[in-house]
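Input: a single structure, listed below in structure tokens.
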Amino acid sequence: MNVIEGTGAIVVEPDWSKLFDDDVEQVSAHEHWRIITTEMKERQLLAPATGHSIQRLVCAYLMFDRMYREVAENGVVTKPRRGNSKAIARISPYFTAMREAGSDAAALEAELGISPRRRGAATKVDRKQAKPRAADAYTSRTG
């Protein structure tokens, strides 16, 4: 697990090698994580509870990119099989998965306050200080 300056104390970056085999995707995941957590920290939106949502967002980005490469190479429509008179052209399952990953990413961006449209709705994390109690004064004197 890598700690990004100033964010690792709040949210620890996942070990991308456990989620992705491809070195390029691991580097890309690290870069997405760095960008997202840095922006959220600067806007005071980063909290320990957002860690898994950020991980899902990074994974949605990578899935979108993976599916996009396949669609770009082979097209949106799959060709019917040769020799089968009943075969028809269909929408590529990669295109469907790409759209789902895009929708998931958009929803998570809105939830985390990252998308430009939703930035105003996101509120800062309230970091309340513990209220001192009478017992705190007693334990500090006896300890």
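Ligands are numbered from 1 in the order shown, residues from 1 within each chain, and chains are lettered A, B, ... in the order they appear in the structure tokens.
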Surrounding residues of region 92-107 of chain A excluding itself and chain neighbours under 6 positions, 7 Å, only C-alpha atoms, as an MDAnalysis selection string: chainID A and resid 57 60:61 63:64 67:68 70:71 76:78
Please provide as a PDB file with all heavy atoms, in the first residue's frame all residues within 12 Å of Cys59 (chain A), with the sequence filter that same-chain residues fewer than 5 positions apart are discarded (counting only C-alpha atoms).
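See part_4.pdb below for the written result:
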```
ATOM      1  N   PRO A  14      -5.330   1.362  -1.981  1.00  0.00           N
ATOM      2  CA  PRO A  14      -5.340  -0.101  -2.109  1.00  0.00           C
ATOM      3  C   PRO A  14      -4.090  -0.603  -2.822  1.00  0.00           C
ATOM      4  O   PRO A  14      -3.431   0.132  -3.557  1.00  0.00           O
ATOM      5  CB  PRO A  14      -6.584  -0.381  -2.960  1.00  0.00           C
ATOM      6  CG  PRO A  14      -7.386   0.860  -2.932  1.00  0.00           C
ATOM      7  CD  PRO A  14      -6.442   1.986  -2.683  1.00  0.00           C
ATOM      8  N   TRP A  16      -3.011  -2.150  -5.753  1.00  0.00           N
ATOM      9  CA  TRP A  16      -3.605  -2.367  -7.074  1.00  0.00           C
ATOM     10  C   TRP A  16      -3.151  -3.676  -7.705  1.00  0.00           C
ATOM     11  O   TRP A  16      -3.850  -4.234  -8.541  1.00  0.00           O
ATOM     12  CB  TRP A  16      -3.313  -1.183  -7.990  1.00  0.00           C
ATOM     13  CG  TRP A  16      -3.870   0.098  -7.461  1.00  0.00           C
ATOM     14  CD1 TRP A  16      -3.165   1.180  -7.033  1.00  0.00           C
ATOM     15  CD2 TRP A  16      -5.250   0.436  -7.271  1.00  0.00           C
ATOM     16  NE1 TRP A  16      -4.024   2.166  -6.593  1.00  0.00           N
ATOM     17  CE2 TRP A  16      -5.306   1.738  -6.729  1.00  0.00           C
ATOM     18  CE3 TRP A  16      -6.448  -0.240  -7.499  1.00  0.00           C
ATOM     19  CZ2 TRP A  16      -6.498   2.380  -6.416  1.00  0.00           C
ATOM     20  CZ3 TRP A  16      -7.637   0.395  -7.183  1.00  0.00           C
ATOM     21  CH2 TRP A  16      -7.662   1.685  -6.648  1.00  0.00           C
ATOM     22  N   LEU A  19      -5.656  -6.315  -7.438  1.00  0.00           N
ATOM     23  CA  LEU A  19      -6.891  -6.143  -8.208  1.00  0.00           C
ATOM     24  C   LEU A  19      -6.671  -6.239  -9.708  1.00  0.00           C
ATOM     25  O   LEU A  19      -7.578  -6.630 -10.445  1.00  0.00           O
ATOM     26  CB  LEU A  19      -7.526  -4.792  -7.867  1.00  0.00           C
ATOM     27  CG  LEU A  19      -7.978  -4.611  -6.422  1.00  0.00           C
ATOM     28  CD1 LEU A  19      -8.404  -3.178  -6.174  1.00  0.00           C
ATOM     29  CD2 LEU A  19      -9.109  -5.568  -6.104  1.00  0.00           C
ATOM     30  N   PHE A  20      -5.482  -5.841 -10.169  1.00  0.00           N
ATOM     31  CA  PHE A  20      -5.201  -5.807 -11.609  1.00  0.00           C
ATOM     32  C   PHE A  20      -3.870  -6.481 -11.892  1.00  0.00           C
ATOM     33  O   PHE A  20      -2.871  -6.207 -11.222  1.00  0.00           O
ATOM     34  CB  PHE A  20      -5.155  -4.353 -12.111  1.00  0.00           C
ATOM     35  CG  PHE A  20      -6.433  -3.614 -11.878  1.00  0.00           C
ATOM     36  CD1 PHE A  20      -6.533  -2.688 -10.845  1.00  0.00           C
ATOM     37  CD2 PHE A  20      -7.543  -3.841 -12.669  1.00  0.00           C
ATOM     38  CE1 PHE A  20      -7.717  -2.006 -10.617  1.00  0.00           C
ATOM     39  CE2 PHE A  20      -8.731  -3.175 -12.443  1.00  0.00           C
ATOM     40  CZ  PHE A  20      -8.823  -2.255 -11.417  1.00  0.00           C
ATOM     41  N   GLU A  25      -2.352  -0.933 -16.086  1.00  0.00           N
ATOM     42  CA  GLU A  25      -3.574  -0.621 -15.329  1.00  0.00           C
ATOM     43  C   GLU A  25      -3.246  -0.276 -13.878  1.00  0.00           C
ATOM     44  O   GLU A  25      -3.901   0.577 -13.289  1.00  0.00           O
ATOM     45  CB  GLU A  25      -4.566  -1.774 -15.409  1.00  0.00           C
ATOM     46  CG  GLU A  25      -5.241  -1.876 -16.760  1.00  0.00           C
ATOM     47  CD  GLU A  25      -6.317  -2.934 -16.808  1.00  0.00           C
ATOM     48  OE1 GLU A  25      -6.270  -3.908 -16.016  1.00  0.00           O
ATOM     49  OE2 GLU A  25      -7.214  -2.803 -17.652  1.00  0.00           O
ATOM     50  N   GLN A  26      -2.243  -0.921 -13.301  1.00  0.00           N
ATOM     51  CA  GLN A  26      -1.842  -0.604 -11.928  1.00  0.00           C
ATOM     52  C   GLN A  26      -1.322   0.828 -11.824  1.00  0.00           C
ATOM     53  O   GLN A  26      -1.680   1.557 -10.904  1.00  0.00           O
ATOM     54  CB  GLN A  26      -0.776  -1.587 -11.445  1.00  0.00           C
ATOM     55  CG  GLN A  26      -1.291  -2.991 -11.254  1.00  0.00           C
ATOM     56  CD  GLN A  26      -0.185  -3.977 -10.944  1.00  0.00           C
ATOM     57  OE1 GLN A  26       0.864  -3.601 -10.424  1.00  0.00           O
ATOM     58  NE2 GLN A  26      -0.407  -5.238 -11.254  1.00  0.00           N
ATOM     59  N   SER A  28      -2.039   3.233 -13.929  1.00  0.00           N
ATOM     60  CA  SER A  28      -3.190   4.100 -14.199  1.00  0.00           C
ATOM     61  C   SER A  28      -4.070   4.227 -12.957  1.00  0.00           C
ATOM     62  O   SER A  28      -4.541   5.318 -12.628  1.00  0.00           O
ATOM     63  CB  SER A  28      -3.987   3.538 -15.373  1.00  0.00           C
ATOM     64  OG  SER A  28      -5.052   4.375 -15.694  1.00  0.00           O
ATOM     65  N   ALA A  29      -4.295   3.121 -12.258  1.00  0.00           N
ATOM     66  CA  ALA A  29      -5.100   3.147 -11.028  1.00  0.00           C
ATOM     67  C   ALA A  29      -4.451   4.053  -9.986  1.00  0.00           C
ATOM     68  O   ALA A  29      -5.135   4.856  -9.339  1.00  0.00           O
ATOM     69  CB  ALA A  29      -5.263   1.734 -10.476  1.00  0.00           C
ATOM     70  N   HIS A  30      -3.140   3.925  -9.832  1.00  0.00           N
ATOM     71  CA  HIS A  30      -2.422   4.772  -8.877  1.00  0.00           C
ATOM     72  C   HIS A  30      -2.578   6.247  -9.239  1.00  0.00           C
ATOM     73  O   HIS A  30      -2.821   7.092  -8.369  1.00  0.00           O
ATOM     74  CB  HIS A  30      -0.938   4.395  -8.846  1.00  0.00           C
ATOM     75  CG  HIS A  30      -0.105   5.315  -8.017  1.00  0.00           C
ATOM     76  ND1 HIS A  30      -0.146   5.327  -6.640  1.00  0.00           N
ATOM     77  CD2 HIS A  30       0.778   6.281  -8.376  1.00  0.00           C
ATOM     78  CE1 HIS A  30       0.681   6.262  -6.189  1.00  0.00           C
ATOM     79  NE2 HIS A  30       1.255   6.852  -7.212  1.00  0.00           N
ATOM     80  N   HIS A  32      -5.029   7.693 -11.064  1.00  0.00           N
ATOM     81  CA  HIS A  32      -6.420   8.115 -10.805  1.00  0.00           C
ATOM     82  C   HIS A  32      -6.620   8.347  -9.305  1.00  0.00           C
ATOM     83  O   HIS A  32      -7.237   9.330  -8.900  1.00  0.00           O
ATOM     84  CB  HIS A  32      -7.415   7.063 -11.297  1.00  0.00           C
ATOM     85  CG  HIS A  32      -7.598   7.021 -12.776  1.00  0.00           C
ATOM     86  ND1 HIS A  32      -7.974   8.120 -13.526  1.00  0.00           N
ATOM     87  CD2 HIS A  32      -7.471   6.007 -13.657  1.00  0.00           C
ATOM     88  CE1 HIS A  32      -8.074   7.778 -14.791  1.00  0.00           C
ATOM     89  NE2 HIS A  32      -7.769   6.497 -14.898  1.00  0.00           N
ATOM     90  N   TRP A  33      -6.128   7.409  -8.485  1.00  0.00           N
ATOM     91  CA  TRP A  33      -6.265   7.520  -7.027  1.00  0.00           C
ATOM     92  C   TRP A  33      -5.625   8.813  -6.538  1.00  0.00           C
ATOM     93  O   TRP A  33      -6.199   9.536  -5.738  1.00  0.00           O
ATOM     94  CB  TRP A  33      -5.621   6.311  -6.359  1.00  0.00           C
ATOM     95  CG  TRP A  33      -5.713   6.337  -4.868  1.00  0.00           C
ATOM     96  CD1 TRP A  33      -4.852   6.932  -3.991  1.00  0.00           C
ATOM     97  CD2 TRP A  33      -6.754   5.772  -4.064  1.00  0.00           C
ATOM     98  NE1 TRP A  33      -5.271   6.753  -2.698  1.00  0.00           N
ATOM     99  CE2 TRP A  33      -6.433   6.053  -2.715  1.00  0.00           C
ATOM    100  CE3 TRP A  33      -7.907   5.053  -4.350  1.00  0.00           C
ATOM    101  CZ2 TRP A  33      -7.238   5.628  -1.664  1.00  0.00           C
ATOM    102  CZ3 TRP A  33      -8.705   4.641  -3.300  1.00  0.00           C
ATOM    103  CH2 TRP A  33      -8.379   4.929  -1.977  1.00  0.00           C
ATOM    104  N   HIS A  52     -13.583   3.278   0.096  1.00  0.00           N
ATOM    105  CA  HIS A  52     -14.054   2.235  -0.813  1.00  0.00           C
ATOM    106  C   HIS A  52     -14.795   2.829  -2.011  1.00  0.00           C
ATOM    107  O   HIS A  52     -14.707   2.291  -3.122  1.00  0.00           O
ATOM    108  CB  HIS A  52     -14.944   1.223  -0.089  1.00  0.00           C
ATOM    109  CG  HIS A  52     -15.042  -0.063  -0.827  1.00  0.00           C
ATOM    110  ND1 HIS A  52     -16.056  -0.333  -1.709  1.00  0.00           N
ATOM    111  CD2 HIS A  52     -14.224  -1.139  -0.851  1.00  0.00           C
ATOM    112  CE1 HIS A  52     -15.874  -1.520  -2.228  1.00  0.00           C
ATOM    113  NE2 HIS A  52     -14.767  -2.042  -1.727  1.00  0.00           N
ATOM    114  N   SER A  53     -15.485   3.919  -1.821  1.00  0.00           N
ATOM    115  CA  SER A  53     -16.146   4.584  -2.950  1.00  0.00           C
ATOM    116  C   SER A  53     -15.113   5.080  -3.958  1.00  0.00           C
ATOM    117  O   SER A  53     -15.312   4.980  -5.168  1.00  0.00           O
ATOM    118  CB  SER A  53     -16.998   5.755  -2.466  1.00  0.00           C
ATOM    119  OG  SER A  53     -18.072   5.298  -1.689  1.00  0.00           O
ATOM    120  N   ILE A  54     -14.004   5.599  -3.456  1.00  0.00           N
ATOM    121  CA  ILE A  54     -12.943   6.053  -4.352  1.00  0.00           C
ATOM    122  C   ILE A  54     -12.349   4.862  -5.097  1.00  0.00           C
ATOM    123  O   ILE A  54     -12.096   4.930  -6.296  1.00  0.00           O
ATOM    124  CB  ILE A  54     -11.856   6.825  -3.574  1.00  0.00           C
ATOM    125  CG1 ILE A  54     -12.441   8.085  -2.944  1.00  0.00           C
ATOM    126  CG2 ILE A  54     -10.694   7.187  -4.494  1.00  0.00           C
ATOM    127  CD1 ILE A  54     -11.531   8.760  -1.943  1.00  0.00           C
ATOM    128  N   PHE A  64     -13.971   1.088 -17.790  1.00  0.00           N
ATOM    129  CA  PHE A  64     -14.404   1.876 -18.944  1.00  0.00           C
ATOM    130  C   PHE A  64     -13.307   1.906 -20.002  1.00  0.00           C
ATOM    131  O   PHE A  64     -13.560   1.655 -21.176  1.00  0.00           O
ATOM    132  CB  PHE A  64     -14.756   3.306 -18.524  1.00  0.00           C
ATOM    133  CG  PHE A  64     -15.214   4.167 -19.673  1.00  0.00           C
ATOM    134  CD1 PHE A  64     -16.556   4.213 -20.022  1.00  0.00           C
ATOM    135  CD2 PHE A  64     -14.310   4.905 -20.423  1.00  0.00           C
ATOM    136  CE1 PHE A  64     -16.977   4.981 -21.095  1.00  0.00           C
ATOM    137  CE2 PHE A  64     -14.720   5.667 -21.496  1.00  0.00           C
ATOM    138  CZ  PHE A  64     -16.066   5.713 -21.831  1.00  0.00           C
ATOM    139  N   ASP A  65     -12.075   2.187 -19.574  1.00  0.00           N
ATOM    140  CA  ASP A  65     -10.957   2.250 -20.519  1.00  0.00           C
ATOM    141  C   ASP A  65     -10.714   0.911 -21.199  1.00  0.00           C
ATOM    142  O   ASP A  65     -10.471   0.849 -22.407  1.00  0.00           O
ATOM    143  CB  ASP A  65      -9.679   2.710 -19.807  1.00  0.00           C
ATOM    144  CG  ASP A  65      -9.752   4.148 -19.335  1.00  0.00           C
ATOM    145  OD1 ASP A  65     -10.650   4.890 -19.783  1.00  0.00           O
ATOM    146  OD2 ASP A  65      -8.896   4.529 -18.505  1.00  0.00           O
ATOM    147  N   ARG A  66     -10.806  -0.176 -20.433  1.00  0.00           N
ATOM    148  CA  ARG A  66     -10.593  -1.519 -20.985  1.00  0.00           C
ATOM    149  C   ARG A  66     -11.660  -1.842 -22.033  1.00  0.00           C
ATOM    150  O   ARG A  66     -11.353  -2.334 -23.121  1.00  0.00           O
ATOM    151  CB  ARG A  66     -10.636  -2.546 -19.850  1.00  0.00           C
ATOM    152  CG  ARG A  66     -10.253  -3.940 -20.280  1.00  0.00           C
ATOM    153  CD  ARG A  66     -10.423  -4.927 -19.155  1.00  0.00           C
ATOM    154  NE  ARG A  66      -9.447  -4.704 -18.086  1.00  0.00           N
ATOM    155  CZ  ARG A  66      -9.458  -5.399 -16.947  1.00  0.00           C
ATOM    156  NH1 ARG A  66     -10.393  -6.304 -16.716  1.00  0.00           N
ATOM    157  NH2 ARG A  66      -8.535  -5.173 -16.032  1.00  0.00           N
ATOM    158  N   ALA A 101     -19.997   0.964 -16.999  1.00  0.00           N
ATOM    159  CA  ALA A 101     -18.868   1.502 -16.242  1.00  0.00           C
ATOM    160  C   ALA A 101     -18.897   3.027 -16.248  1.00  0.00           C
ATOM    161  O   ALA A 101     -18.608   3.672 -15.229  1.00  0.00           O
ATOM    162  CB  ALA A 101     -17.547   0.990 -16.813  1.00  0.00           C
ATOM    163  N   GLY A 102     -19.271   3.617 -17.381  1.00  0.00           N
ATOM    164  CA  GLY A 102     -19.392   5.073 -17.463  1.00  0.00           C
ATOM    165  C   GLY A 102     -20.479   5.608 -16.538  1.00  0.00           C
ATOM    166  O   GLY A 102     -20.295   6.622 -15.860  1.00  0.00           O
ATOM    167  N   ASP A 104     -21.632   4.056 -13.830  1.00  0.00           N
ATOM    168  CA  ASP A 104     -21.170   3.854 -12.458  1.00  0.00           C
ATOM    169  C   ASP A 104     -20.205   4.966 -12.048  1.00  0.00           C
ATOM    170  O   ASP A 104     -20.301   5.502 -10.945  1.00  0.00           O
ATOM    171  CB  ASP A 104     -20.474   2.497 -12.314  1.00  0.00           C
ATOM    172  CG  ASP A 104     -21.424   1.316 -12.438  1.00  0.00           C
ATOM    173  OD1 ASP A 104     -22.652   1.530 -12.421  1.00  0.00           O
ATOM    174  OD2 ASP A 104     -20.923   0.181 -12.576  1.00  0.00           O
ATOM    175  N   ALA A 105     -19.289   5.298 -12.943  1.00  0.00           N
ATOM    176  CA  ALA A 105     -18.317   6.355 -12.646  1.00  0.00           C
ATOM    177  C   ALA A 105     -19.017   7.694 -12.435  1.00  0.00           C
ATOM    178  O   ALA A 105     -18.697   8.424 -11.494  1.00  0.00           O
ATOM    179  CB  ALA A 105     -17.281   6.466 -13.768  1.00  0.00           C
ATOM    180  N   LEU A 108     -20.717   7.703  -9.021  1.00  0.00           N
ATOM    181  CA  LEU A 108     -19.743   7.818  -7.932  1.00  0.00           C
ATOM    182  C   LEU A 108     -19.118   9.210  -7.883  1.00  0.00           C
ATOM    183  O   LEU A 108     -18.876   9.752  -6.793  1.00  0.00           O
ATOM    184  CB  LEU A 108     -18.662   6.748  -8.073  1.00  0.00           C
ATOM    185  CG  LEU A 108     -19.121   5.340  -7.696  1.00  0.00           C
ATOM    186  CD1 LEU A 108     -18.144   4.297  -8.220  1.00  0.00           C
ATOM    187  CD2 LEU A 108     -19.276   5.223  -6.188  1.00  0.00           C
TER     188      LEU A 108
END
```
Two-atom distance - CA of Ile36 (chain A), CA of Asp15 (chain A) (Å):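 Rounded to one decimal, the two atoms are 16.2 Å apart.
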